[in-house]
Amino acid sequence: MTTTTTLPALLSEEVARDPYAFYRRLRHEAPLHYDESAGAYLLTRHAAVSTAYRHPAFTTRNYEWQLEPVFGRSLLQLDGTEHARKRALVSPHFRGAGLSAWTGTIHRNVAEILDGSVERVVDLLLEPIRPGEEFDILERFAHLLPVFVIADMLALPKSDYRRFWDWYTAMIAFLSNLARDPRVHDRGVAAARELREYLAPIVAQRRDNPGTDLISALATAEVDGHTLDDEEIKTHVTQLLNAGSETTDKTFGSLFGHLLTERDRYEEVAADRDLVIPAISETLRLTPPSQMNGRVLAESVELEGGTIPAESTVFLVIASANRDESRFAGAETYDFHRTDLSHADAFTARGEHFAFGFGRHFCLGAMLARSELQIGLDAILDRFPDLRLAEGFTPRHQGLKMRAPAEMRVVV
């Protein structure tokens, strides 16, 4: 473990400008590093992050303060039998989406709900765009698509979509609040409370009169006599809104950046749609929307040549692990033809990068994100073959916990 003062602080402006340079130094100089600014140990190599995801001592107790104030007590915090039972109730409703060739499993009704929702919202957002128009494709499309898709899957009134968006943005700010700004904290908690109050009568109504929407599916789910109560359903909806939306939104930003900065990539993917999933998968590896996940140690652990004490907070820096030179050739290069990454597994718990976590706590929203990203990118490639960056525009990434371009000005 290093205690050197030559490394910048994780929460410094220097790291915010270029976290990948900082992560590169950590992998080579201090693969186990205690960062005082965050009060956490940082793990940055692929093998160590993989070990931590699988090691039972690395608990999710940190979510008690990071997530529970907005999510309620969620699947991410559960372990053992309780986790397995609750996940069995929820997970069928987030698999499938027409992906049987990739997952070997399909929940047909929910797959139809999901794909139908994505297609409707994609059409809604892209139809008004006209040839020759210059605009920010993140503001007009990527930011709205995943939130509106979830609202559509929940069969909410279209008049409430913008309220849903407002709650989402406040909660996302809460989740990214590593500095623990009290104003951001309070607004996120208030938004979560308002959302749960909004959902309460809807959940009750769908339980009594189920339809074909996602809330009805969760309300009627049963495994071995176990069901979800109303609070658990509201928790899962809140978690999906945040985890599923933010991942898709920011992945689209980075994906457009990769494909349009060197525009021959865009043309290559447009000409060969078998490259759509590899292009998305490589984006998730090189520029994951969530840069790190937290854990709290239940007991001391020997790792990376040092000892991490019990009760320590540990950040698994997935953005660094995904660029580990010992795991991926040309690790800091965008290459959707690479052969050392299984694109077929990129949206499953077997994935070789960690953009959606790993193992038993793998993100339930991964298949939702996959459907949105694939259908959305295919539609853009079909409708806008001449899509390009606006003249003089250069994408710039921002954020630390969550990172992606803040703007993407294009011409169609």
# chains A, B, ... in the order shown; residues from 1 in each chain; ligands from 1
$ residues_around --residues "A:Leu297" --least-positions-apart "6" --cutoff "9 Å" --atoms "only C-alpha atoms" --output "number ranges by chain"
A: 56-61, 308-314
$ residues_around --residues "A:Asn322" --least-positions-apart "3" --cutoff "6 Å" --atoms "only C-alpha atoms" --output "PyMOL selection string"
chain A and resi 285+318-319+353
$ residues_around --residues "A:Glu372" --least-positions-apart "3" --cutoff "9 Å" --atoms "only C-alpha atoms" --output "PDB file with C-alpha atoms, in the first residue's frame"
ATOM      1  CA  LEU A 114     -39.515  -3.531 -23.263  1.00  0.00           C
ATOM      2  CA  ASP A 115     -38.842  -3.607 -26.998  1.00  0.00           C
ATOM      3  CA  VAL A 118     -38.059   1.466 -26.668  1.00  0.00           C
ATOM      4  CA  GLU A 119     -39.320   1.576 -30.248  1.00  0.00           C
ATOM      5  CA  VAL A 122     -37.207   6.277 -30.123  1.00  0.00           C
ATOM      6  CA  LEU A 145     -34.801   8.060 -24.007  1.00  0.00           C
ATOM      7  CA  PRO A 146     -34.157   5.831 -20.956  1.00  0.00           C
ATOM      8  CA  VAL A 149     -38.832   4.224 -21.817  1.00  0.00           C
ATOM      9  CA  THR A 248     -27.858   4.334 -21.029  1.00  0.00           C
ATOM     10  CA  MET A 367     -30.519  -5.890 -20.560  1.00  0.00           C
ATOM     11  CA  LEU A 368     -32.759  -2.829 -20.493  1.00  0.00           C
ATOM     12  CA  ALA A 369     -29.718  -0.684 -21.308  1.00  0.00           C
ATOM     13  CA  ILE A 375     -32.496  -0.142 -30.897  1.00  0.00           C
ATOM     14  CA  GLY A 376     -31.575   3.525 -30.475  1.00  0.00           C
ATOM     15  CA  LEU A 377     -28.282   3.291 -32.359  1.00  0.00           C
TER      16      LEU A 377
END
$ atom_distance --atom1 "atom CA of A:Gly306" --atom2 "atom CA of A:Ala40"
14.4 Å
$ closest_atom_pairs --of "stretch 239-326 of chain A" --to "stretch 378-398 of chain A" --cutoff "9 Å" --atoms "only C-alpha atoms" --output "JSON lines"
{"residue": "A:Gly253", "atom": "CA", "partner": "A:Pro395", "partner_atom": "CA", "distance": 8.9}
{"residue": "A:Ser254", "atom": "CA", "partner": "A:His397", "partner_atom": "CA", "distance": 8.2}
{"residue": "A:Gly257", "atom": "CA", "partner": "A:Pro395", "partner_atom": "CA", "distance": 6.3}
{"residue": "A:Leu260", "atom": "CA", "partner": "A:Arg388", "partner_atom": "CA", "distance": 6.0}
{"residue": "A:Thr261", "atom": "CA", "partner": "A:Leu389", "partner_atom": "CA", "distance": 7.3}
{"residue": "A:Arg263", "atom": "CA", "partner": "A:Arg388", "partner_atom": "CA", "distance": 7.2}
{"residue": "A:Tyr266", "atom": "CA", "partner": "A:Leu381", "partner_atom": "CA", "distance": 8.3}
{"residue": "A:Glu267", "atom": "CA", "partner": "A:Pro385", "partner_atom": "CA", "distance": 7.8}
{"residue": "A:Val269", "atom": "CA", "partner": "A:Leu381", "partner_atom": "CA", "distance": 8.3}
{"residue": "A:Ala270", "atom": "CA", "partner": "A:Leu381", "partner_atom": "CA", "distance": 5.7}
{"residue": "A:Arg273", "atom": "CA", "partner": "A:Asp378", "partner_atom": "CA", "distance": 7.7}
{"residue": "A:Val276", "atom": "CA", "partner": "A:Asp378", "partner_atom": "CA", "distance": 7.5}
$ write_last_selection --atoms "C-alpha atoms" --output "compact mmCIF listing (two decimals), in the first residue's frame"
# COMPACT_ATOMS: atom_id res chain seq x y z
CA GLY A 253 -22.78 10.17 -24.98
CA SER A 254 -19.50 8.26 -25.02
CA GLY A 257 -18.08 10.53 -29.18
CA LEU A 260 -18.13 10.50 -34.62
CA THR A 261 -14.70 11.78 -33.54
CA ARG A 263 -16.20 9.24 -38.37
CA TYR A 266 -19.71 5.46 -37.74
CA GLU A 267 -19.77 4.54 -41.42
CA VAL A 269 -20.96 0.30 -38.09
CA ALA A 270 -23.71 1.67 -40.38
CA ARG A 273 -24.89 -3.93 -38.15
CA VAL A 276 -23.49 -2.44 -33.27
$ closest_residue --among "A:Asp208, A:Phe315, A:Glu139, A:Thr235" --to "A:Tyr53" --atoms "only C-alpha atoms"
A:Phe315
$ closest_residue --among "A:Glu352, A:Asp181, A:Glu304, A:Asp249" --to "A:Ala321" --atoms "only C-alpha atoms"
A:Glu352
$ closest_residue --among "A:Ser117, A:Thr6, A:Thr348, A:Ser320" --to "A:Leu43" --atoms "only C-alpha atoms"
A:Ser320
$ closest_residue --among "A:Arg403, A:His185, A:Arg162, A:Arg350" --to "A:Thr251" --atoms "only C-alpha atoms"
A:Arg403
$ closest_residue --among "A:Asp18, A:Met153, A:Glu268, A:Asp166" --to "A:Ser216" --atoms "only C-alpha atoms"
A:Met153
$ closest_residue --among "A:Gly211, A:Gly330, A:Gly132, A:Pro8" --to "A:Val410" --atoms "only C-alpha atoms"
A:Gly132
$ residues_around --residues "A:His343" --least-positions-apart "5" --cutoff "7 Å" --atoms "only C-alpha atoms" --output "list in words"
Ile277, Pro278 and Ser281 of chain A
